[in-house]
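Participant: I am attaching a structure below and will ask some questions about it afterwards.
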Amino acid sequence: MQIRFTPEQDAWRQEVRDFLDAELPPEMGFDVEFDEDEALWEFSVAFTKKVGAKGWLGLNWPTEYGGLARPPIDRMIMSEEFEYREAPLCGSISWGLTAGSLLAGGTEEQKRYWLPQLGRLDLHAAEGLSEPGAGSDLASLKTTAYQDGSDWVVNGQKTYTTWGTHADCLFTAARTDPNSKRHHGITMFLIPYDLPGISMTPMMNLGGGQQNHTYLDNVRVPEEYMIGEVGGGWKMIMNAFYGGGIHAGHAYYERTFAEVLEHCRREKRRGRLLIEDPLVRQQLGQLALMLEQARMLTYESVSNYNNQIPPQFGGALGVVVSKEMRPRFFEMCQEIVGPLSQLKPNRFAPMGGQAEAWYRQSYANHAGGTSQVKRMVLATRGLGLPR
Amino acid sequence: MIDLEFSEQEVLLQRTAVEFFISECPLAKVRELEDSELGYAPQLWKKMADLDWVGLSLPEEDGGAEGSLLDLYVLYLELGRALVPTPHLTSSVIAGETLARVGSPEQRKLVSQIATGDLIVATALMESDGDYGPEAVQLSATPGDAGGYRLEGTKLLVPWAHVAGRLLVATRTGPGPDGTTLLLVDPSASGISLERLDNTAGYPLFAVVFDGAEVAADAVVGEVNRGWETLTPALDRATVLQCAEIVGAGEAVLEMSLDYAKEREQFGQAIGKFQAVQYLCSDIAIDLHLTSLLARQAAWRVDSALPYQRELALAKAQAAEASQLMVRQAHEVYAGHGFMLETDLQLYTRRAKHWQFNLGEASHHFEAAVDAL
């Protein structure tokens, strides 16, 4: 039992900090998922490409695919620093989901071709898995692809497409065996957006970002854009989550907590500083507890990896906690800040109106499936209860 | 290096403890002991001493095994799982470790008796306001006739006082913030009386009334007016162990709830197939697992002599809440069956109430955590 970083890991953390000091002015920290400002987006892309140029987007990947073959704890350390500064790293569908799928089930040739591009953000992929009728139940997807000569012809509709308007291609799944059911007969594609037959309509989200409906109407996709094996899509998606490495979501809570604490040390209510109010102190204690829970779950992932222990509870426990914690955490922040926390940025809004956005954005906690679905996994696979 | 697993030695100790308590302290025996005058089994206690567990964390020169807090942690997981009633926490950890660290040569002699299980020392902290901390210590120790102290006041929720050869009593000797002094007192001395306090857990808890009892000057443990500070390291370690006991017990509650959910059929299927019931079980698993992570972190920080106040406070806040959530959800799984005394769940339900409050409830530790920021 130990939780400490080696001198090499401390040096790596310092290297990450130095990079951020040089490349990320404090006022440029923002969440790229929830901002549609073009100038900010361009900054985010340029920033992310600098990270990619250092090989850090694929930090854990094997070197033959453009990675640096560093251990997961290094990626976690990097994530802690990036999250704490709200570094606007974009393209997680590229270097995370798409790369993760390739690493899980791509052919050798595909990995050598695609991964270096994804790791530099030379290729920006949009998320194209979800469908109007296939969300948490992704295996019910209806988009089809059939072979015609050396092309695949894809038809269907995708939804929630994140970064559709900014991306070069759509990372998507289609049913390639018309007689297949559920998770069989699904194949992955990386479809270039400039092919005829793809169109989009915007879906604005509660967080302030744009997602999209995507329509695939007889899109002829050359076979080199198929990923993995025909019919091997489901396994890839299920095993995809290593691409981005171990994410240190707790560091974002840590930053938020520091900001709320700072607010409480500065602002007064009923004649005393908020930090001296016993009720506020209880609420801060609860925030600190959630933060610590999140941190320990991240560290447990690192520990399990080091000890080659498969995650307990069907791998679902940490996901359930993090999904359910997010709205609770930010709701508690707003309770502390008080009624003015509902104000968007203006001269009366506390903390520059940040708390208002936290609340809306906290409901972006359903990517990859709802906590309820993960609880079913926890209960059946993790605890052995009957299906 | 981030490694949250127990060492081989700790795993081995835990395995030994699992087997030992399965054979030596089944729940039938726990029920029997709860109704007994003593409340614990001296033979079992003696066997635990022979295994070096009673003095597990005490110095080798006092007959202890000088184990780490993580060693104690795995033992407490099993004490919790099996609901073993022992005076270990108050006697070996709080009193024993304190006496070993700051006791006079004369007081140090008692430590070896604690390690062998021959002497039980009960720690008396709480008073009528129910608070946990130095401010709540109001029992007065004023200069006595023979150069010692004269004690006036009442201690509440004193565990195992009826079998204690000595009491370690926190007394008020000066103004705050500490101003307390620890006195080692023979409970059979005149002017001291015990009253058993029936309670939810069936735990041996007592009111100890001091009515002008006189103690000698050499009864002082550590420094005068710095009693709470003297006791704090041991109280902190005991707090980690209280978390471990909750985790171990919670694992048992989870296991029995899962078994029941798989066996019990209603509406033509095992109730564990209903998502509503699956949710209850996953709630228990989640809260316990988080408690385990936080408590292990706290134990490791204490062992490593790193600052630990925030981590410890958050661990006990979490554990206190988990102690209640786990039984609340388990009672939903068991429904009416869990309300019957014949069902073992209630043994855990009742003890969980003691653990929730013991060494500070959640609100106390949320405050302590914020204080440590």
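Identifiers for the structure tokens are assigned positionally: chains receive A, B, ... in sequence, residues are indexed from 1 per chain, and ligands are indexed from 1 in the order shown.
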Which residues come within 8 Å of A:Gly29, counting only C-alpha atoms, excluding same-chain residues fewer than 3 positions away, as a list in words?

Facilitator: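 That gives Leu24, Pro25, Pro26, Arg85, Glu86, Ala87 and Pro88 of chain A.
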
Participant: Name the residues of stretch 51-151 of chain B that come out as strand (DSSP E or B) in a backbone DSSP run; write them as an MDAnalysis selection string.

Facilitator: chainID B and resid 121:124 140:143 149:151

Participant: Nearest residue to chain B out of A:Asp277, A:Glu292, A:Asp148, A:Glu324, using only C-alpha atoms?

Facilitator: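 Ranked by minimum distance to chain B, first place goes to A:Glu292.
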
Participant: Per residue of chain B within 7 Å of chain A, note the shortest atom pair and the distance in Å to one decimal, counting only C-alpha atoms, and order the rows by chain and increasing residue number, as JSON lines.

Facilitator:
```
{"residue": "B:Met1", "atom": "CA", "partner": "A:Arg4", "partner_atom": "CA", "distance": 5.3}
{"residue": "B:Ile2", "atom": "CA", "partner": "A:Ile3", "partner_atom": "CA", "distance": 4.5}
{"residue": "B:Asp3", "atom": "CA", "partner": "A:Ser303", "partner_atom": "CA", "distance": 4.7}
{"residue": "B:Leu4", "atom": "CA", "partner": "A:Met1", "partner_atom": "CA", "distance": 4.7}
{"residue": "B:Glu5", "atom": "CA", "partner": "A:Met1", "partner_atom": "CA", "distance": 5.2}
{"residue": "B:Phe6", "atom": "CA", "partner": "A:Met1", "partner_atom": "CA", "distance": 5.5}
{"residue": "B:Ser7", "atom": "CA", "partner": "A:Met1", "partner_atom": "CA", "distance": 6.7}
{"residue": "B:Lys262", "atom": "CA", "partner": "A:Leu385", "partner_atom": "CA", "distance": 6.5}
{"residue": "B:Gly272", "atom": "CA", "partner": "A:Leu385", "partner_atom": "CA", "distance": 5.7}
{"residue": "B:Lys273", "atom": "CA", "partner": "A:Pro386", "partner_atom": "CA", "distance": 5.1}
{"residue": "B:Gln278", "atom": "CA", "partner": "A:Ala379", "partner_atom": "CA", "distance": 5.6}
{"residue": "B:Tyr279", "atom": "CA", "partner": "A:Arg375", "partner_atom": "CA", "distance": 6.9}
{"residue": "B:Ser282", "atom": "CA", "partner": "A:Ala379", "partner_atom": "CA", "distance": 5.9}
{"residue": "B:Ile286", "atom": "CA", "partner": "A:Leu317", "partner_atom": "CA", "distance": 6.5}
{"residue": "B:Leu290", "atom": "CA", "partner": "A:Gln293", "partner_atom": "CA", "distance": 6.2}
{"residue": "B:Leu293", "atom": "CA", "partner": "A:Met296", "partner_atom": "CA", "distance": 6.3}
{"residue": "B:Trp300", "atom": "CA", "partner": "A:Gln2", "partner_atom": "CA", "distance": 6.6}
{"residue": "B:Leu314", "atom": "CA", "partner": "A:Leu289", "partner_atom": "CA", "distance": 5.7}
{"residue": "B:Ser363", "atom": "CA", "partner": "A:Gln282", "partner_atom": "CA", "distance": 6.7}
{"residue": "B:Phe366", "atom": "CA", "partner": "A:Gly285", "partner_atom": "CA", "distance": 4.4}
{"residue": "B:Glu367", "atom": "CA", "partner": "A:Gln282", "partner_atom": "CA", "distance": 6.1}
{"residue": "B:Ala369", "atom": "CA", "partner": "A:Gly285", "partner_atom": "CA", "distance": 6.1}
{"residue": "B:Val370", "atom": "CA", "partner": "A:Gly285", "partner_atom": "CA", "distance": 5.7}
```

Participant: Kindly export the residues of the current selection with C-alpha atoms, as a short mmCIF file (atom, residue, chain, number, x, y, z; two decimals), in the first residue's frame.

Facilitator:
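Saved to result_34.cif:
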```cif
data_model
loop_
_atom_site.label_atom_id
_atom_site.label_comp_id
_atom_site.auth_asym_id
_atom_site.auth_seq_id
_atom_site.Cartn_x
_atom_site.Cartn_y
_atom_site.Cartn_z
CA MET B 1 4.27 4.26 -7.15
CA ILE B 2 0.56 3.92 -6.59
CA ASP B 3 -0.28 0.56 -5.13
CA LEU B 4 -3.47 0.18 -3.10
CA GLU B 5 -3.04 -3.52 -2.39
CA PHE B 6 -2.13 -4.97 0.98
CA SER B 7 1.35 -6.45 1.44
CA LYS B 262 -30.49 -14.60 -5.05
CA GLY B 272 -32.14 -9.96 -7.11
CA LYS B 273 -33.33 -9.92 -10.69
CA GLN B 278 -29.93 -4.58 -7.75
CA TYR B 279 -29.69 -0.85 -7.09
CA SER B 282 -24.90 -1.71 -5.77
CA ILE B 286 -20.23 1.52 -3.88
CA LEU B 290 -15.23 4.18 -1.36
CA LEU B 293 -10.25 3.33 -0.51
CA TRP B 300 -1.05 4.39 4.89
CA LEU B 314 -12.86 12.35 5.18
CA SER B 363 -20.53 16.20 10.75
CA PHE B 366 -16.56 17.20 7.82
CA GLU B 367 -15.71 20.09 10.12
CA ALA B 369 -11.62 18.08 7.17
CA VAL B 370 -12.39 21.72 6.38
#
```

Participant: Got a sec to tell me which of stretch 103-299 of chain B DSSP assigns to helix (DSSP H, G or I), as a VMD selection string?

Facilitator: chain B and resid 105 to 115 134 to 136 161 to 163 217 to 219 227 to 263 271 to 273 275 to 299

Participant: Calculate how many Å separate atom CA of B:Glu263 from atom CA of B:Gly336, rounding to one decimal.

Facilitator: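 So the answer is 15.3 Å.
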
Participant: List as a PDB file with C-alpha atoms, in the first residue's frame the protein and nucleic acid residues near stretch 37-50 of chain B, meaning an atom at most 6 Å away when only C-alpha atoms are counted, but skip any in the same chain fewer than 3 places from it.

Facilitator:
```
ATOM      1  CA  LEU B  33     -21.900 -12.898  24.275  1.00  0.00           C
ATOM      2  CA  GLU B  34     -24.221  -9.955  23.839  1.00  0.00           C
ATOM      3  CA  TRP B  53      -3.114  -9.583  18.121  1.00  0.00           C
ATOM      4  CA  VAL B  54      -3.988  -7.949  21.431  1.00  0.00           C
ATOM      5  CA  PRO B  85     -16.843  -8.222  20.720  1.00  0.00           C
ATOM      6  CA  THR B  86     -13.514  -7.247  22.267  1.00  0.00           C
ATOM      7  CA  THR B 116      -1.064 -10.208  27.119  1.00  0.00           C
ATOM      8  CA  GLY B 117      -4.739  -9.389  27.543  1.00  0.00           C
TER       9      GLY B 117
END
```

Participant: Interatomic distance between atom CA of B:Asp283 and atom CA of A:Gly315?

Facilitator: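 Result for atom CA of B:Asp283 versus atom CA of A:Gly315: 15.2 Å, one decimal.
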
Participant: Just how far from atom CA of A:Arg220 is atom CA of A:Val153, in Å to one decimal?

Facilitator: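 Atom CA of A:Val153 sits 4.6 Å away from atom CA of A:Arg220.
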
Participant: Got a sec: who's within 10 Å of B:Val163, counting only C-alpha atoms, leaving out chain neighbours fewer than 2 positions off, as an mmCIF file with all heavy atoms, in the first residue's frame?

Facilitator:
```
data_model
loop_
_atom_site.group_PDB
_atom_site.id
_atom_site.type_symbol
_atom_site.label_atom_id
_atom_site.label_comp_id
_atom_site.auth_asym_id
_atom_site.auth_seq_id
_atom_site.Cartn_x
_atom_site.Cartn_y
_atom_site.Cartn_z
ATOM 1 N N GLU B 37 -22.872 -11.284 30.918
ATOM 2 C CA GLU B 37 -22.477 -10.205 31.826
ATOM 3 C C GLU B 37 -21.185 -9.534 31.340
ATOM 4 O O GLU B 37 -21.061 -8.319 31.307
ATOM 5 C CB GLU B 37 -22.297 -10.796 33.243
ATOM 6 C CG GLU B 37 -21.859 -9.815 34.299
ATOM 7 C CD GLU B 37 -22.829 -8.641 34.488
ATOM 8 O OE1 GLU B 37 -24.047 -8.838 34.291
ATOM 9 O OE2 GLU B 37 -22.355 -7.531 34.800
ATOM 10 N N LEU B 38 -20.214 -10.368 30.927
ATOM 11 C CA LEU B 38 -18.917 -9.829 30.521
ATOM 12 C C LEU B 38 -18.982 -9.119 29.171
ATOM 13 O O LEU B 38 -18.339 -8.111 28.953
ATOM 14 C CB LEU B 38 -17.884 -10.960 30.428
ATOM 15 C CG LEU B 38 -17.295 -11.467 31.738
ATOM 16 C CD1 LEU B 38 -16.287 -12.584 31.457
ATOM 17 C CD2 LEU B 38 -16.611 -10.336 32.491
ATOM 18 N N GLY B 39 -19.726 -9.709 28.243
ATOM 19 C CA GLY B 39 -19.824 -9.107 26.914
ATOM 20 C C GLY B 39 -18.725 -9.534 25.970
ATOM 21 O O GLY B 39 -18.787 -9.260 24.771
ATOM 22 N N TYR B 40 -17.705 -10.177 26.480
ATOM 23 C CA TYR B 40 -16.660 -10.722 25.606
ATOM 24 C C TYR B 40 -16.286 -12.095 26.131
ATOM 25 O O TYR B 40 -16.698 -12.492 27.229
ATOM 26 C CB TYR B 40 -15.451 -9.798 25.515
ATOM 27 C CG TYR B 40 -14.517 -9.837 26.709
ATOM 28 C CD1 TYR B 40 -13.211 -10.307 26.585
ATOM 29 C CD2 TYR B 40 -14.929 -9.401 27.974
ATOM 30 C CE1 TYR B 40 -12.343 -10.343 27.672
ATOM 31 C CE2 TYR B 40 -14.069 -9.446 29.055
ATOM 32 C CZ TYR B 40 -12.775 -9.909 28.904
ATOM 33 O OH TYR B 40 -11.937 -9.949 29.977
ATOM 34 N N PRO B 87 -12.498 -5.655 23.802
ATOM 35 C CA PRO B 87 -12.127 -4.296 24.233
ATOM 36 C C PRO B 87 -10.858 -3.791 23.539
ATOM 37 O O PRO B 87 -10.201 -2.885 24.035
ATOM 38 C CB PRO B 87 -11.912 -4.485 25.736
ATOM 39 C CG PRO B 87 -11.531 -5.916 25.904
ATOM 40 C CD PRO B 87 -12.131 -6.694 24.774
ATOM 41 N N LEU B 119 -4.723 -7.270 31.354
ATOM 42 C CA LEU B 119 -5.269 -6.003 31.860
ATOM 43 C C LEU B 119 -6.045 -5.312 30.739
ATOM 44 O O LEU B 119 -5.571 -5.225 29.604
ATOM 45 C CB LEU B 119 -4.126 -5.078 32.320
ATOM 46 C CG LEU B 119 -4.548 -3.658 32.717
ATOM 47 C CD1 LEU B 119 -5.379 -3.661 34.002
ATOM 48 C CD2 LEU B 119 -3.320 -2.761 32.889
ATOM 49 N N ILE B 120 -7.235 -4.858 31.090
ATOM 50 C CA ILE B 120 -8.014 -4.049 30.151
ATOM 51 C C ILE B 120 -8.051 -2.621 30.689
ATOM 52 O O ILE B 120 -8.348 -2.406 31.871
ATOM 53 C CB ILE B 120 -9.444 -4.611 29.993
ATOM 54 C CG1 ILE B 120 -9.376 -5.956 29.255
ATOM 55 C CG2 ILE B 120 -10.348 -3.624 29.265
ATOM 56 C CD1 ILE B 120 -10.655 -6.753 29.321
ATOM 57 N N VAL B 121 -7.696 -1.684 29.852
ATOM 58 C CA VAL B 121 -7.780 -0.277 30.242
ATOM 59 C C VAL B 121 -8.833 0.383 29.353
ATOM 60 O O VAL B 121 -8.740 0.321 28.131
ATOM 61 C CB VAL B 121 -6.424 0.448 30.076
ATOM 62 C CG1 VAL B 121 -6.553 1.907 30.503
ATOM 63 C CG2 VAL B 121 -5.345 -0.245 30.905
ATOM 64 N N ALA B 122 -9.833 0.961 29.979
ATOM 65 C CA ALA B 122 -10.910 1.607 29.220
ATOM 66 C C ALA B 122 -10.702 3.113 29.217
ATOM 67 O O ALA B 122 -10.331 3.690 30.240
ATOM 68 C CB ALA B 122 -12.261 1.264 29.837
ATOM 69 N N PRO B 159 -16.650 2.583 27.190
ATOM 70 C CA PRO B 159 -16.774 1.184 26.801
ATOM 71 C C PRO B 159 -15.988 0.272 27.741
ATOM 72 O O PRO B 159 -14.921 0.645 28.227
ATOM 73 C CB PRO B 159 -16.166 1.162 25.392
ATOM 74 C CG PRO B 159 -15.170 2.264 25.394
ATOM 75 C CD PRO B 159 -15.689 3.316 26.350
ATOM 76 N N TRP B 160 -16.516 -0.878 28.029
ATOM 77 C CA TRP B 160 -15.817 -1.937 28.760
ATOM 78 C C TRP B 160 -15.357 -1.534 30.167
ATOM 79 O O TRP B 160 -14.439 -2.131 30.718
ATOM 80 C CB TRP B 160 -14.606 -2.448 27.949
ATOM 81 C CG TRP B 160 -15.003 -2.951 26.597
ATOM 82 C CD1 TRP B 160 -14.881 -2.280 25.412
ATOM 83 C CD2 TRP B 160 -15.599 -4.217 26.276
ATOM 84 N NE1 TRP B 160 -15.363 -3.044 24.376
ATOM 85 C CE2 TRP B 160 -15.811 -4.239 24.884
ATOM 86 C CE3 TRP B 160 -15.993 -5.334 27.051
ATOM 87 C CZ2 TRP B 160 -16.393 -5.327 24.230
ATOM 88 C CZ3 TRP B 160 -16.561 -6.426 26.398
ATOM 89 C CH2 TRP B 160 -16.750 -6.397 25.000
ATOM 90 N N ALA B 161 -15.992 -0.552 30.755
ATOM 91 C CA ALA B 161 -15.563 -0.084 32.084
ATOM 92 C C ALA B 161 -15.709 -1.186 33.133
ATOM 93 O O ALA B 161 -14.953 -1.252 34.095
ATOM 94 C CB ALA B 161 -16.376 1.141 32.485
ATOM 95 N N GLY B 165 -9.349 -2.885 34.421
ATOM 96 C CA GLY B 165 -8.537 -2.792 35.636
ATOM 97 C C GLY B 165 -8.122 -1.350 35.883
ATOM 98 O O GLY B 165 -7.790 -0.964 37.001
ATOM 99 N N ARG B 166 -8.098 -0.579 34.840
ATOM 100 C CA ARG B 166 -7.806 0.852 34.946
ATOM 101 C C ARG B 166 -8.702 1.611 33.972
ATOM 102 O O ARG B 166 -9.117 1.075 32.948
ATOM 103 C CB ARG B 166 -6.356 1.184 34.557
ATOM 104 C CG ARG B 166 -5.297 0.572 35.407
ATOM 105 C CD ARG B 166 -5.144 1.314 36.755
ATOM 106 N NE ARG B 166 -3.925 0.877 37.415
ATOM 107 C CZ ARG B 166 -3.792 -0.314 38.004
ATOM 108 N NH1 ARG B 166 -4.794 -1.171 38.013
ATOM 109 N NH2 ARG B 166 -2.655 -0.638 38.585
ATOM 110 N N PRO B 187 -10.819 1.804 38.769
ATOM 111 C CA PRO B 187 -12.279 2.018 38.871
ATOM 112 C C PRO B 187 -12.885 1.473 40.169
ATOM 113 O O PRO B 187 -14.025 1.812 40.499
ATOM 114 C CB PRO B 187 -12.834 1.277 37.651
ATOM 115 C CG PRO B 187 -11.786 0.308 37.257
ATOM 116 C CD PRO B 187 -10.469 0.887 37.676
ATOM 117 N N PRO B 204 -21.139 -2.953 25.516
ATOM 118 C CA PRO B 204 -20.962 -2.629 26.937
ATOM 119 C C PRO B 204 -20.511 -1.186 27.130
ATOM 120 O O PRO B 204 -19.326 -0.883 27.020
ATOM 121 C CB PRO B 204 -19.901 -3.620 27.419
ATOM 122 C CG PRO B 204 -19.262 -4.160 26.202
ATOM 123 C CD PRO B 204 -20.142 -3.925 25.037
#
```

Participant: Could you check the closest approach to B:Leu12 for each of B:Asp71, B:Glu61, B:Glu195, B:Glu135 and tell me which residue wins, using only C-alpha atoms?

Facilitator: B:Asp71

Participant: Which polymer residues have any atom within 9 Å of an atom of stretch 351-361 of chain A, counting only C-alpha atoms, with same-chain residues fewer than 6 positions away left out, as an NGL selection string?

Facilitator: :A and (34 or 205-208 or 259-260 or 263 or 327 or 330-331 or 333-334 or 337 or 340-345)

Participant: For those residues, write all heavy atoms to a file as a short mmCIF file (atom, residue, chain, number, x, y, z; two decimals), in the first residue's frame.

Facilitator:
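This went into part.cif:
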```
data_model
loop_
_atom_site.label_atom_id
_atom_site.label_comp_id
_atom_site.auth_asym_id
_atom_site.auth_seq_id
_atom_site.Cartn_x
_atom_site.Cartn_y
_atom_site.Cartn_z
N PHE A 34 -17.96 22.88 -24.58
CA PHE A 34 -19.10 23.75 -24.34
C PHE A 34 -18.87 25.18 -24.78
O PHE A 34 -19.41 26.11 -24.22
CB PHE A 34 -19.47 23.73 -22.85
CG PHE A 34 -19.73 22.34 -22.35
CD1 PHE A 34 -18.99 21.82 -21.30
CD2 PHE A 34 -20.70 21.56 -22.94
CE1 PHE A 34 -19.23 20.54 -20.84
CE2 PHE A 34 -20.94 20.27 -22.49
CZ PHE A 34 -20.20 19.76 -21.44
N ASN A 205 -26.62 21.97 -27.25
CA ASN A 205 -26.79 21.29 -25.96
C ASN A 205 -26.86 22.25 -24.78
O ASN A 205 -26.55 23.43 -24.90
CB ASN A 205 -25.73 20.19 -25.77
CG ASN A 205 -24.32 20.73 -25.60
OD1 ASN A 205 -24.13 21.78 -24.99
ND2 ASN A 205 -23.34 20.01 -26.11
N LEU A 206 -27.26 21.71 -23.66
CA LEU A 206 -27.48 22.49 -22.43
C LEU A 206 -26.19 23.13 -21.93
O LEU A 206 -26.20 24.15 -21.24
CB LEU A 206 -28.06 21.54 -21.37
CG LEU A 206 -28.42 22.07 -19.99
CD1 LEU A 206 -29.49 23.14 -20.09
CD2 LEU A 206 -28.92 20.93 -19.10
N GLY A 207 -25.06 22.52 -22.29
CA GLY A 207 -23.78 23.06 -21.82
C GLY A 207 -23.30 24.26 -22.60
O GLY A 207 -22.35 24.92 -22.21
N GLY A 208 -23.94 24.52 -23.75
CA GLY A 208 -23.51 25.65 -24.57
C GLY A 208 -22.72 25.21 -25.79
O GLY A 208 -22.15 26.04 -26.50
N GLU A 259 -11.55 26.94 -6.31
CA GLU A 259 -12.19 28.21 -6.64
C GLU A 259 -13.34 28.52 -5.68
O GLU A 259 -13.52 29.67 -5.26
CB GLU A 259 -12.71 28.18 -8.09
CG GLU A 259 -11.57 28.30 -9.09
CD GLU A 259 -12.01 28.12 -10.54
OE1 GLU A 259 -13.23 28.01 -10.79
OE2 GLU A 259 -11.13 28.09 -11.41
N VAL A 260 -14.10 27.51 -5.32
CA VAL A 260 -15.20 27.71 -4.37
C VAL A 260 -14.64 28.09 -3.00
O VAL A 260 -15.15 28.99 -2.32
CB VAL A 260 -16.09 26.44 -4.28
CG1 VAL A 260 -17.10 26.56 -3.15
CG2 VAL A 260 -16.81 26.19 -5.61
N HIS A 263 -13.57 31.60 -2.99
CA HIS A 263 -14.78 32.43 -2.90
C HIS A 263 -15.24 32.53 -1.44
O HIS A 263 -15.60 33.61 -0.96
CB HIS A 263 -15.87 31.82 -3.78
CG HIS A 263 -17.20 32.50 -3.71
ND1 HIS A 263 -17.48 33.65 -4.43
CD2 HIS A 263 -18.32 32.22 -2.99
CE1 HIS A 263 -18.71 34.04 -4.15
NE2 HIS A 263 -19.25 33.19 -3.29
N PRO A 327 -23.36 15.80 -11.28
CA PRO A 327 -24.40 16.80 -10.97
C PRO A 327 -24.45 17.16 -9.49
O PRO A 327 -24.68 18.31 -9.13
CB PRO A 327 -25.70 16.11 -11.40
CG PRO A 327 -25.29 15.02 -12.31
CD PRO A 327 -23.94 14.58 -11.86
N PHE A 330 -21.58 19.75 -8.52
CA PHE A 330 -21.76 21.13 -8.95
C PHE A 330 -23.01 21.77 -8.33
O PHE A 330 -23.06 22.97 -8.11
CB PHE A 330 -21.73 21.21 -10.47
CG PHE A 330 -20.37 20.88 -11.01
CD1 PHE A 330 -20.11 19.67 -11.63
CD2 PHE A 330 -19.31 21.77 -10.83
CE1 PHE A 330 -18.84 19.36 -12.08
CE2 PHE A 330 -18.04 21.46 -11.28
CZ PHE A 330 -17.80 20.26 -11.92
N GLU A 331 -23.99 20.93 -8.04
CA GLU A 331 -25.17 21.42 -7.34
C GLU A 331 -24.76 21.93 -5.94
O GLU A 331 -25.20 22.99 -5.49
CB GLU A 331 -26.16 20.26 -7.21
CG GLU A 331 -27.54 20.63 -6.78
CD GLU A 331 -28.36 19.37 -6.53
OE1 GLU A 331 -28.35 18.47 -7.40
OE2 GLU A 331 -28.98 19.29 -5.47
N CYS A 333 -21.78 22.98 -5.11
CA CYS A 333 -21.01 24.23 -5.30
C CYS A 333 -21.97 25.42 -5.35
O CYS A 333 -21.73 26.45 -4.73
CB CYS A 333 -20.23 24.19 -6.62
SG CYS A 333 -18.85 23.04 -6.62
N GLN A 334 -23.05 25.25 -6.09
CA GLN A 334 -23.99 26.37 -6.24
C GLN A 334 -24.72 26.66 -4.94
O GLN A 334 -25.03 27.82 -4.65
CB GLN A 334 -25.00 26.06 -7.33
CG GLN A 334 -24.41 26.31 -8.71
CD GLN A 334 -25.49 26.40 -9.76
OE1 GLN A 334 -26.21 25.43 -9.96
NE2 GLN A 334 -25.60 27.52 -10.43
N VAL A 337 -22.33 28.86 -3.09
CA VAL A 337 -22.19 30.20 -3.67
C VAL A 337 -23.49 30.99 -3.50
O VAL A 337 -23.48 32.21 -3.32
CB VAL A 337 -21.75 30.12 -5.14
CG1 VAL A 337 -21.64 31.51 -5.76
CG2 VAL A 337 -20.41 29.39 -5.25
N LEU A 340 -27.09 33.90 -6.29
CA LEU A 340 -26.51 34.65 -7.42
C LEU A 340 -25.72 33.74 -8.35
O LEU A 340 -25.30 34.14 -9.43
CB LEU A 340 -25.63 35.80 -6.91
CG LEU A 340 -26.37 36.86 -6.09
CD1 LEU A 340 -25.42 37.97 -5.66
CD2 LEU A 340 -27.54 37.45 -6.86
N SER A 341 -25.53 32.48 -7.93
CA SER A 341 -24.79 31.54 -8.78
C SER A 341 -25.60 31.14 -10.01
O SER A 341 -25.08 30.47 -10.90
CB SER A 341 -24.41 30.29 -7.99
OG SER A 341 -25.57 29.52 -7.72
N GLN A 342 -26.88 31.56 -10.06
CA GLN A 342 -27.66 31.24 -11.26
C GLN A 342 -27.46 32.29 -12.36
O GLN A 342 -28.00 32.16 -13.45
CB GLN A 342 -29.14 31.12 -10.91
CG GLN A 342 -29.78 32.41 -10.44
CD GLN A 342 -31.15 32.21 -9.86
OE1 GLN A 342 -32.03 31.71 -10.54
NE2 GLN A 342 -31.34 32.56 -8.59
N LEU A 343 -26.67 33.33 -12.05
CA LEU A 343 -26.44 34.39 -13.04
C LEU A 343 -25.35 34.01 -14.02
O LEU A 343 -24.29 33.51 -13.64
CB LEU A 343 -26.04 35.68 -12.33
CG LEU A 343 -27.11 36.35 -11.47
CD1 LEU A 343 -26.54 37.60 -10.81
CD2 LEU A 343 -28.34 36.69 -12.32
N LYS A 344 -25.63 34.28 -15.30
CA LYS A 344 -24.60 34.14 -16.33
C LYS A 344 -23.64 35.32 -16.20
O LYS A 344 -23.96 36.29 -15.49
CB LYS A 344 -25.25 34.08 -17.70
CG LYS A 344 -26.14 32.86 -17.83
CD LYS A 344 -26.54 32.55 -19.25
CE LYS A 344 -27.34 31.25 -19.23
NZ LYS A 344 -27.49 30.64 -20.53
N PRO A 345 -22.49 35.25 -16.85
CA PRO A 345 -21.49 36.30 -16.63
C PRO A 345 -22.06 37.71 -16.80
O PRO A 345 -22.60 38.05 -17.85
CB PRO A 345 -20.45 36.02 -17.72
CG PRO A 345 -20.56 34.54 -17.95
CD PRO A 345 -22.02 34.22 -17.76
#
```

Participant: Can you pull out the residues contacting B:Thr181? Cut-off 12 Å, using only C-alpha atoms, and skip same-chain residues under 5 positions away; I want them as an MDAnalysis selection string.

Facilitator: chainID B and resid 124:125 134 137:142 149 151 168:176 217 219:231

Participant: Using only C-alpha atoms, pick whichever of A:Asp194, A:Asp217, A:Asp177, A:Asp137 has the shortest atom-to-atom distance to A:Thr165.

Facilitator: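 Going through A:Asp194, A:Asp217, A:Asp177, A:Asp137 one by one, the smallest distance to A:Thr165 is for A:Asp194.
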
Participant: Please list as a ChimeraX atom specification every residue within 12 Å of B:Phe339, counting only C-alpha atoms and excluding residues in the same chain fewer than 3 positions away.

Facilitator: /B:327-328,330-336,342-350
